[in-house]
>>> print(open('input_16.cif').read())   # mmCIF, C-alpha atoms
data_input
#
loop_
_atom_site.label_atom_id
_atom_site.label_comp_id
_atom_site.auth_asym_id
_atom_site.auth_seq_id
_atom_site.Cartn_x
_atom_site.Cartn_y
_atom_site.Cartn_z
CA MET A 909 -9.80 -33.68 -13.22
CA MET A 910 -11.76 -31.00 -11.33
CA GLU A 911 -8.67 -30.17 -9.26
CA PHE A 912 -6.64 -29.77 -12.47
CA LEU A 913 -9.29 -27.44 -13.95
CA LYS A 914 -9.35 -25.47 -10.70
CA ARG A 915 -5.56 -24.99 -10.82
CA ARG A 916 -5.79 -23.87 -14.45
CA TYR A 917 -8.54 -21.42 -13.51
CA VAL A 918 -6.36 -19.91 -10.77
CA VAL A 919 -3.33 -19.66 -13.06
CA LEU A 920 -5.35 -18.04 -15.87
CA GLY A 921 -7.00 -15.57 -13.51
CA THR A 922 -3.64 -14.65 -11.98
CA ILE A 923 -2.02 -14.12 -15.40
CA LEU A 924 -4.88 -11.87 -16.53
CA PHE A 925 -4.70 -9.81 -13.35
CA ASP A 926 -0.90 -9.52 -13.63
CA LEU A 927 -1.33 -8.24 -17.20
CA PHE A 928 -3.85 -5.70 -15.90
CA LEU A 929 -1.31 -4.49 -13.33
CA ILE A 930 1.38 -4.07 -15.99
CA TRP A 931 -1.10 -2.12 -18.15
CA THR A 932 -1.99 0.22 -15.27
CA VAL A 933 1.69 0.92 -14.63
CA ALA A 934 2.34 1.73 -18.29
CA HIS A 935 -0.85 3.74 -18.80
CA PHE A 936 -1.34 5.58 -15.51
CA VAL A 937 2.07 5.67 -13.80
CA PHE A 938 4.27 6.34 -16.84
CA GLY A 939 1.62 7.99 -19.01
CA GLY A 940 1.36 5.49 -21.87
CA TRP A 941 3.30 2.75 -23.63
CA GLU A 942 5.41 5.21 -25.61
CA ARG A 943 6.74 6.85 -22.45
CA THR A 944 7.23 3.45 -20.82
CA VAL A 945 9.36 2.27 -23.76
CA ARG A 946 11.30 5.54 -23.62
CA VAL A 947 12.08 5.02 -19.91
CA TYR A 948 13.47 1.52 -20.45
CA SER A 949 15.02 1.98 -23.91
CA THR A 950 18.20 3.17 -22.17
CA VAL A 951 19.56 2.60 -18.67
CA PRO A 952 16.55 3.34 -16.43
CA THR A 953 16.60 6.20 -13.95
CA LEU A 954 16.29 5.49 -10.22
CA TRP A 955 12.50 5.98 -10.58
CA GLY A 956 12.46 3.45 -13.43
CA TRP A 957 14.37 0.88 -11.37
CA ILE A 958 12.07 1.37 -8.36
CA ILE A 959 8.96 0.77 -10.49
CA LEU A 960 10.66 -2.28 -12.04
CA VAL A 961 11.30 -3.77 -8.58
CA ILE A 962 7.74 -2.96 -7.48
CA VAL A 963 6.29 -4.67 -10.57
CA ALA A 964 8.56 -7.70 -10.04
CA LEU A 965 7.30 -8.03 -6.45
CA ASN A 966 3.74 -7.77 -7.80
CA LEU A 967 4.38 -10.81 -10.01
CA ILE A 968 6.07 -12.89 -7.29
CA LYS A 969 3.70 -14.86 -5.04
CA SER A 970 0.78 -13.50 -7.08
CA ASP A 971 -2.64 -15.11 -6.74
CA PHE A 972 -5.61 -13.19 -8.08
CA ARG A 973 -7.89 -14.59 -5.36
CA THR A 974 -5.99 -12.53 -2.77
CA ASP A 975 -4.42 -9.85 -4.96
CA ILE A 976 -7.71 -8.45 -6.29
CA PRO A 977 -9.16 -7.84 -2.78
CA MET A 978 -5.84 -6.27 -1.71
CA TYR A 979 -5.79 -4.08 -4.82
CA LEU A 980 -9.41 -2.98 -4.31
CA SER A 981 -8.61 -2.18 -0.68
CA ALA A 982 -5.62 -0.06 -1.67
CA PHE A 983 -7.51 1.66 -4.49
CA GLY A 984 -10.52 2.58 -2.35
CA LEU A 985 -8.66 3.64 0.80
CA ALA A 986 -5.95 5.47 -1.17
CA TYR A 987 -8.58 7.49 -3.04
CA TRP A 988 -10.23 8.42 0.27
CA LEU A 989 -6.86 9.37 1.81
CA GLU A 990 -5.62 11.33 -1.21
CA TRP A 991 -8.98 13.08 -1.59
CA TRP A 992 -8.95 14.13 2.07
CA GLY A 993 -5.36 15.37 1.98
CA THR A 994 -5.58 17.28 -1.30
CA THR A 995 -8.99 18.90 -0.71
CA ARG A 996 -7.82 20.19 2.68
CA GLY A 997 -4.44 21.36 1.46
CA VAL A 998 -2.36 19.04 3.66
CA TRP A 999 -0.46 18.22 0.47
CA THR A 1000 -0.82 19.72 -3.00
CA TYR A 1001 0.04 18.24 -6.40
CA SER A 1002 1.71 20.35 -9.05
CA GLY A 1003 -1.33 19.99 -11.32
CA ASN A 1004 -3.75 20.77 -8.45
CA GLN A 1005 -5.55 17.43 -8.94
CA THR A 1006 -7.67 16.23 -6.02
CA PRO A 1007 -6.32 13.60 -6.41
CA PRO A 1008 -4.45 12.52 -9.60
CA LEU A 1009 -5.65 9.11 -10.75
CA GLY A 1010 -2.12 7.87 -11.40
CA GLU A 1011 -1.30 8.12 -7.70
CA ILE A 1012 -4.23 5.85 -6.83
CA PHE A 1013 -3.04 3.15 -9.22
CA LEU A 1014 0.48 3.59 -7.84
CA TRP A 1015 -0.86 2.92 -4.33
CA GLY A 1016 -2.34 -0.36 -5.61
CA ILE A 1017 0.91 -1.77 -6.97
CA CYS A 1018 2.88 -0.44 -3.99
CA LEU A 1019 0.62 -2.26 -1.54
CA LEU A 1020 0.87 -5.51 -3.51
CA SER A 1021 4.67 -5.24 -3.57
CA VAL A 1022 4.77 -4.75 0.22
CA PHE A 1023 2.23 -7.55 0.77
CA HIS A 1024 4.09 -10.01 -1.48
CA ALA A 1025 7.42 -9.15 0.15
CA SER A 1026 5.85 -9.90 3.54
CA LEU A 1027 4.62 -13.27 2.22
CA LEU A 1028 8.14 -14.11 1.08
CA LEU A 1029 9.52 -13.37 4.56
CA LEU A 1030 6.67 -14.72 6.71
CA GLY A 1031 7.99 -18.28 6.72
CA LYS A 1032 11.60 -17.29 7.36
CA GLY A 1033 13.25 -17.80 10.72
CA GLU A 1034 10.28 -19.36 12.48
CA ARG A 1035 12.48 -21.75 14.45
CA LYS A 1036 14.59 -18.88 15.71
CA ARG A 1037 11.63 -16.80 16.80
CA GLY A 1038 11.43 -16.42 20.56
CA LYS A 1039 10.69 -13.82 23.17
CA TYR A 1040 13.64 -11.66 22.06
CA SER A 1041 12.58 -11.48 18.40
CA THR A 1042 9.00 -10.78 19.51
CA ARG A 1043 10.19 -7.95 21.73
CA ALA A 1044 12.35 -6.60 18.90
CA MET A 1045 9.37 -6.47 16.51
CA VAL A 1046 7.20 -4.74 19.11
CA LEU A 1047 10.03 -2.29 19.80
CA VAL A 1048 10.39 -1.41 16.11
CA LEU A 1049 6.63 -0.90 15.74
CA PHE A 1050 6.81 1.72 18.49
CA VAL A 1051 10.26 3.19 17.82
CA LEU A 1052 9.88 4.07 14.12
CA PRO A 1053 6.82 6.31 14.66
CA ILE A 1054 8.50 7.91 17.71
CA ILE A 1055 11.65 8.68 15.69
CA GLY A 1056 9.51 10.15 12.91
CA PHE A 1057 7.64 12.28 15.44
CA VAL A 1058 10.79 13.50 17.21
CA LEU A 1059 12.46 14.49 13.94
CA THR A 1060 9.29 16.21 12.70
CA TRP A 1061 7.98 17.78 15.90
CA LYS A 1062 8.73 21.38 14.89
CA PHE A 1063 6.58 20.98 11.80
CA ILE A 1064 3.84 19.14 13.71
CA ILE A 1065 3.45 21.81 16.40
CA SER A 1066 3.63 24.64 13.84
CA VAL A 1067 0.38 23.56 12.16
CA ASP A 1068 -3.12 24.13 13.54
CA TRP A 1069 -4.31 20.56 12.98
CA MET A 1070 -7.75 21.21 14.49
CA LYS A 1071 -8.91 22.91 11.30
CA TYR A 1072 -8.11 19.68 9.39
CA PHE A 1073 -9.77 17.47 12.00
CA ASP A 1074 -13.28 16.54 10.82
CA LEU A 1075 -15.69 13.62 10.67
CA HIS A 1076 -13.54 11.93 8.01
CA SER A 1077 -10.56 12.03 10.39
CA VAL A 1078 -12.58 10.48 13.24
CA VAL A 1079 -13.93 7.71 11.00
CA ALA A 1080 -10.47 7.04 9.56
CA VAL A 1081 -8.84 6.67 13.00
CA ALA A 1082 -11.65 4.42 14.31
CA PHE A 1083 -11.69 2.35 11.10
CA ALA A 1084 -7.90 1.88 11.16
CA SER A 1085 -7.83 0.97 14.86
CA VAL A 1086 -10.51 -1.70 14.52
CA LEU A 1087 -8.86 -3.28 11.47
CA ILE A 1088 -5.35 -3.31 12.97
CA LEU A 1089 -6.52 -4.94 16.21
CA LYS A 1090 -8.83 -7.47 14.53
CA ASP A 1091 -7.08 -10.88 14.20
CA PHE A 1092 -3.78 -9.19 15.05
CA ASP A 1093 -0.69 -11.03 13.79
CA LEU A 1094 2.56 -9.53 15.08
CA LYS A 1095 4.95 -10.81 12.42
CA GLU A 1096 2.78 -9.96 9.43
CA THR A 1097 1.99 -6.53 10.90
CA PHE A 1098 5.70 -5.94 11.51
CA LEU A 1099 6.74 -6.93 7.98
CA VAL A 1100 4.01 -4.92 6.25
CA PHE A 1101 4.65 -1.90 8.49
CA VAL A 1102 8.41 -1.89 7.94
CA GLY A 1103 8.04 -2.51 4.19
CA GLY A 1104 5.46 0.26 3.87
CA THR A 1105 7.59 2.66 5.93
CA LEU A 1106 10.70 2.10 3.81
CA LEU A 1107 8.92 2.21 0.45
CA GLY A 1108 6.76 5.16 1.47
CA GLY A 1109 9.72 7.13 2.77
CA LEU A 1110 11.60 6.56 -0.48
CA LEU A 1111 8.68 7.49 -2.76
CA GLU A 1112 7.74 10.54 -0.67
CA THR A 1113 11.31 11.82 -0.75
CA MET A 1114 11.44 11.41 -4.52
CA GLY A 1115 7.95 12.86 -5.06
CA THR A 1116 8.58 16.03 -3.07
CA GLY A 1117 12.15 16.33 -4.32
CA SER A 1118 10.99 16.31 -7.95
CA GLY A 1119 8.32 18.93 -7.25
CA ARG A 1120 5.43 16.60 -8.10
CA TYR A 1121 3.72 17.56 -4.86
CA ALA A 1122 4.44 19.47 -1.66
CA TYR A 1123 3.35 19.29 1.96
CA LEU A 1124 2.33 22.07 4.33
CA SER A 1125 5.90 22.15 5.62
CA GLY A 1126 7.16 23.30 2.22
CA THR A 1127 10.49 21.57 2.95
CA GLY A 1128 9.91 18.16 1.42
CA ALA A 1129 8.25 15.12 2.96
CA PRO A 1130 8.03 15.21 6.80
CA LEU A 1131 9.81 12.17 8.24
CA MET A 1132 6.60 11.16 10.00
CA VAL A 1133 5.12 10.34 6.57
CA GLY A 1134 7.17 7.11 6.31
CA PRO A 1135 5.62 5.47 9.41
CA ILE A 1136 2.19 6.77 8.32
CA TRP A 1137 2.73 4.87 5.06
CA GLY A 1138 3.55 1.79 7.13
CA VAL A 1139 0.37 2.03 9.20
CA THR A 1140 -1.69 2.73 6.07
CA CYS A 1141 -0.32 -0.41 4.38
CA VAL A 1142 -1.22 -2.49 7.45
CA VAL A 1143 -4.79 -1.12 7.37
CA MET A 1144 -5.07 -1.78 3.62
CA VAL A 1145 -3.88 -5.39 4.01
CA LYS A 1146 -6.31 -6.04 6.87
CA PHE A 1147 -9.17 -4.47 4.88
CA GLY A 1148 -8.15 -6.60 1.87
CA TYR A 1149 -8.56 -9.73 3.99
CA GLN A 1150 -12.06 -8.59 4.96
CA ILE A 1151 -12.98 -8.01 1.30
CA ARG A 1152 -11.69 -11.48 0.43
CA LYS A 1153 -13.71 -13.02 3.26
CA LEU A 1154 -16.90 -11.27 2.14
CA ALA A 1155 -16.29 -12.23 -1.49
CA SER A 1156 -15.75 -15.86 -0.49
CA LYS A 1157 -19.04 -15.92 1.44
CA ALA A 1158 -20.88 -14.31 -1.46
CA ILE A 1159 -19.49 -16.84 -3.95
CA SER A 1160 -20.45 -19.72 -1.62
CA LEU A 1161 -24.03 -18.42 -1.36
CA LEU A 1162 -24.32 -18.02 -5.12
CA SER A 1163 -22.72 -21.36 -5.99
CA PRO A 1164 -25.08 -24.15 -7.12
CA GLY A 1165 -25.89 -26.70 -4.47
CA GLN A 1166 -25.28 -24.35 -1.56
#
>>> encode(input="input_16.cif", output="structure tokens")
Amino acid sequence: MMEFLKRRYVVLGTILFDLFLIWTVAHFVFGGWERTVRVYSTVPTLWGWIILVIVALNLIKSDFRTDIPMYLSAFGLAYWLEWWGTTRGVWTYSGNQTPPLGEIFLWGICLLSVFHASLLLLGKGERKRGKYSTRAMVLVLFVLPIIGFVLTWKFIISVDWMKYFDLHSVVAVAFASVLILKDFDLKETFLVFVGGTLLGGLLETMGTGSGRYAYLSGTGAPLMVGPIWGVTCVVMVKFGYQIRKLASKAISLLSPGQ
């Protein structure tokens, strides 16, 4: 009986959190239910289809016990990242927000879509995994950032990055390094990194192409931004696991009989 009630509790909590995610998409990403209905009342634009796929991935493999920590991780770290970038002029939004709240909520659902996609693929092909597939994953983790750097090097060397380098930058690099290396799992890191790189590259291209925001380069999103999205998603997932672990310990301490 208790196991049945526990399952019902998980299902109810997951449904409520999924409804919250849908509300944030309608209210913050699209700007209200009226605009959301307008987007999907006819054949959706490419942006509409992308958000639809992202929301669908949010609902697949959803479990509020893990999704809430992941969402909080994305929300907190995305706000820090967007605040740093916009207040220092590394990128600028058309409305000069520092940062716009809708982008923070968008980061939350994007991370969950990448995380859920990685969960769907984590169990695939385990019997075929050997030294060659391991080497291939390691190779991709190194090659994608190198390609992004090579194709963006003119922009990178044209900017005096030292004036953007501050205590926040040092803390961010140290924080990310510790989280990535802690309990390192190659396959999960690979899947989250690749998913984040592809999704980030697509959204950045659309965001700069539509004029919603612009980078220092003034020529659209630098190709290095895609791999940076990938690394950021890996850090957010690892931080989400830490939040879940802390929450679990706190609940155990507060539970009766403990």
>>> residues_around(input="input_16.cif", residues="Thr1140 in chain A", least_positions_apart="4", cutoff="10 Å", atoms="all atoms listed in the file", output="list in words")
Ala982, Leu985, Ala986, Leu989, Leu1019, Ala1084, Ile1088, Val1100, Phe1101, Gly1104, Thr1105, Gly1108, Gly1134, Pro1135, Ile1136, Met1144, Val1145 and Lys1146 of chain A
>>> write_last_selection(input="input_16.cif", atoms="C-alpha atoms", output="compact mmCIF listing (two decimals), in the frame of the given file")
# COMPACT_ATOMS: atom_id res chain seq x y z
CA ALA A 982 -5.62 -0.06 -1.67
CA LEU A 985 -8.66 3.64 0.80
CA ALA A 986 -5.95 5.47 -1.17
CA LEU A 989 -6.86 9.37 1.81
CA LEU A 1019 0.62 -2.26 -1.54
CA ALA A 1084 -7.90 1.88 11.16
CA ILE A 1088 -5.35 -3.31 12.97
CA VAL A 1100 4.01 -4.92 6.25
CA PHE A 1101 4.65 -1.90 8.49
CA GLY A 1104 5.46 0.26 3.87
CA THR A 1105 7.59 2.66 5.93
CA GLY A 1108 6.76 5.16 1.47
CA GLY A 1134 7.17 7.11 6.31
CA PRO A 1135 5.62 5.47 9.41
CA ILE A 1136 2.19 6.77 8.32
CA MET A 1144 -5.07 -1.78 3.62
CA VAL A 1145 -3.88 -5.39 4.01
CA LYS A 1146 -6.31 -6.04 6.87
>>> atom_distance(input="input_16.cif", atom1="CA of Asn966 in chain A", atom2="CA of Leu1014 in chain A")
11.8 Å
>>> resolve_selection(input="input_16.cif", expression="the PyMOL selection byres ((chain A and resi 1024) around 10)", output="MDAnalysis selection string")
chainID A and resid 962 964:971 975 1018:1023 1025:1030 1100
>>> resolve_selection(input="input_16.cif", expression="the PyMOL selection byres ((chain A and resi 954-956) around 12)", output="PyMOL selection string")
chain A and resi 933-934+937-938+943-953+957-963+1110-1115+1118
>>> atom_distance(input="input_16.cif", atom1="CA of Ala1082 in chain A", atom2="CA of Val1048 in chain A")
22.9 Å
>>> closest_residue(input="input_16.cif", among="A:Ile976, A:Thr922, A:Leu1047, A:His935", to="Leu1009 in chain A", atoms="all atoms listed in the file")
A:His935
>>> closest_residue(input="input_16.cif", among="A:Phe1147, A:Trp1015, A:Leu929, A:Ala1158", to="Val1086 in chain A", atoms="all atoms listed in the file")
A:Phe1147
>>> atom_distance(input="input_16.cif", atom1="CA of Leu1052 in chain A", atom2="CA of Gly1109 in chain A")
11.8 Å
>>> closest_residue(input="input_16.cif", among="A:Met1045, A:Phe1083, A:Ala1122, A:His1076", to="Thr1000 in chain A", atoms="only C-alpha atoms")
A:Ala1122
>>> axis_aligned_box(input="input_16.cif", around="range 995-1005 of chain A", padding_each_side="4 Å", output="lines of an AutoDock Vina configuration file")
center_x = -3.6
center_y = 19.4
center_z = -3.8
size_x = 18.7
size_y = 11.9
size_z = 23.0
>>> residues_around(input="input_16.cif", residues="Leu1124 in chain A", least_positions_apart="5", cutoff="8 Å", atoms="all atoms listed in the file", output="VMD selection string")
chain A and resid 997 to 999
>>> closest_residue(input="input_16.cif", among="A:Phe1073, A:Trp992, A:Phe1050, A:Phe928", to="Phe1013 in chain A", atoms="all atoms listed in the file")
A:Phe928
>>> residues_around(input="input_16.cif", residues="Ala1155 in chain A", least_positions_apart="6", cutoff="10 Å", atoms="only C-alpha atoms", output="JSON list (two decimals) with C-alpha atoms, keeping the file's coordinate frame")
[["chain", "number", "residue", "atom", "x", "y", "z"],
["A", 973, "ARG", "CA", -7.89, -14.59, -5.36],
["A", 977, "PRO", "CA", -9.16, -7.84, -2.78],
["A", 1149, "TYR", "CA", -8.56, -9.73, 3.99],
["A", 1161, "LEU", "CA", -24.03, -18.42, -1.36]]
>>> closest_residue(input="input_16.cif", among="A:Gly1010, A:Arg1043, A:Met1132, A:Arg996", to="Phe1063 in chain A", atoms="only C-alpha atoms")
A:Met1132
>>> build_atoms(input="input_16.cif", residues="range 923-934 of chain A", atoms="all heavy atoms", output="compact mmCIF listing (two decimals), in the coordinates of the input")
# COMPACT_ATOMS: atom_id res chain seq x y z
N ILE A 923 -2.72 -14.70 -14.24
CA ILE A 923 -2.02 -14.12 -15.40
C ILE A 923 -2.76 -12.90 -15.93
O ILE A 923 -2.15 -11.86 -16.21
CB ILE A 923 -1.86 -15.17 -16.52
CG1 ILE A 923 -0.86 -16.25 -16.09
CG2 ILE A 923 -1.41 -14.52 -17.82
CD1 ILE A 923 -0.77 -17.41 -17.05
N LEU A 924 -4.08 -13.00 -16.03
CA LEU A 924 -4.88 -11.87 -16.53
C LEU A 924 -4.78 -10.66 -15.60
O LEU A 924 -4.66 -9.52 -16.05
CB LEU A 924 -6.34 -12.29 -16.69
CG LEU A 924 -6.64 -13.29 -17.82
CD1 LEU A 924 -8.10 -13.71 -17.78
CD2 LEU A 924 -6.30 -12.68 -19.18
N PHE A 925 -4.80 -10.92 -14.29
CA PHE A 925 -4.70 -9.81 -13.35
C PHE A 925 -3.31 -9.20 -13.37
O PHE A 925 -3.15 -7.97 -13.29
CB PHE A 925 -5.04 -10.27 -11.93
CG PHE A 925 -5.05 -9.14 -10.93
CD1 PHE A 925 -5.99 -8.12 -11.03
CD2 PHE A 925 -4.12 -9.09 -9.91
CE1 PHE A 925 -6.00 -7.07 -10.12
CE2 PHE A 925 -4.12 -8.04 -8.99
CZ PHE A 925 -5.07 -7.03 -9.10
N ASP A 926 -2.27 -10.03 -13.53
CA ASP A 926 -0.90 -9.52 -13.63
C ASP A 926 -0.74 -8.63 -14.87
O ASP A 926 -0.07 -7.59 -14.83
CB ASP A 926 0.11 -10.66 -13.68
CG ASP A 926 0.26 -11.35 -12.33
OD1 ASP A 926 -0.16 -10.76 -11.31
OD2 ASP A 926 0.80 -12.47 -12.28
N LEU A 927 -1.37 -9.05 -15.98
CA LEU A 927 -1.33 -8.24 -17.20
C LEU A 927 -2.04 -6.90 -16.99
O LEU A 927 -1.59 -5.86 -17.48
CB LEU A 927 -1.97 -9.00 -18.37
CG LEU A 927 -1.18 -10.21 -18.89
CD1 LEU A 927 -2.01 -10.96 -19.95
CD2 LEU A 927 0.16 -9.77 -19.49
N PHE A 928 -3.13 -6.94 -16.23
CA PHE A 928 -3.85 -5.70 -15.90
C PHE A 928 -2.95 -4.77 -15.10
O PHE A 928 -2.92 -3.55 -15.35
CB PHE A 928 -5.12 -6.03 -15.11
CG PHE A 928 -5.73 -4.85 -14.42
CD1 PHE A 928 -6.47 -3.91 -15.15
CD2 PHE A 928 -5.56 -4.65 -13.05
CE1 PHE A 928 -7.04 -2.81 -14.52
CE2 PHE A 928 -6.12 -3.55 -12.42
CZ PHE A 928 -6.86 -2.63 -13.16
N LEU A 929 -2.21 -5.31 -14.14
CA LEU A 929 -1.31 -4.49 -13.33
C LEU A 929 -0.24 -3.84 -14.19
O LEU A 929 0.07 -2.65 -14.02
CB LEU A 929 -0.66 -5.35 -12.24
CG LEU A 929 -1.57 -5.86 -11.12
CD1 LEU A 929 -0.79 -6.76 -10.18
CD2 LEU A 929 -2.20 -4.70 -10.35
N ILE A 930 0.35 -4.61 -15.10
CA ILE A 930 1.38 -4.07 -15.99
C ILE A 930 0.79 -2.95 -16.85
O ILE A 930 1.43 -1.91 -17.07
CB ILE A 930 1.98 -5.18 -16.86
CG1 ILE A 930 2.75 -6.18 -15.98
CG2 ILE A 930 2.89 -4.61 -17.95
CD1 ILE A 930 3.21 -7.42 -16.70
N TRP A 931 -0.44 -3.15 -17.33
CA TRP A 931 -1.10 -2.12 -18.15
C TRP A 931 -1.32 -0.84 -17.35
O TRP A 931 -1.11 0.26 -17.85
CB TRP A 931 -2.43 -2.65 -18.67
CG TRP A 931 -3.21 -1.61 -19.42
CD1 TRP A 931 -3.01 -1.17 -20.70
CD2 TRP A 931 -4.33 -0.85 -18.90
NE1 TRP A 931 -3.93 -0.20 -21.03
CE2 TRP A 931 -4.74 0.02 -19.94
CE3 TRP A 931 -5.00 -0.83 -17.69
CZ2 TRP A 931 -5.80 0.91 -19.78
CZ3 TRP A 931 -6.06 0.05 -17.52
CH2 TRP A 931 -6.45 0.89 -18.57
N THR A 932 -1.76 -0.98 -16.08
CA THR A 932 -1.99 0.22 -15.27
C THR A 932 -0.70 0.98 -15.02
O THR A 932 -0.69 2.22 -15.00
CB THR A 932 -2.63 -0.13 -13.91
OG1 THR A 932 -1.76 -0.98 -13.17
CG2 THR A 932 -3.96 -0.81 -14.10
N VAL A 933 0.40 0.25 -14.84
CA VAL A 933 1.69 0.92 -14.63
C VAL A 933 2.08 1.71 -15.87
O VAL A 933 2.47 2.88 -15.79
CB VAL A 933 2.80 -0.12 -14.30
CG1 VAL A 933 4.17 0.54 -14.30
CG2 VAL A 933 2.53 -0.76 -12.94
N ALA A 934 1.97 1.06 -17.04
CA ALA A 934 2.34 1.73 -18.29
C ALA A 934 1.42 2.91 -18.59
O ALA A 934 1.88 3.99 -18.97
CB ALA A 934 2.31 0.73 -19.44
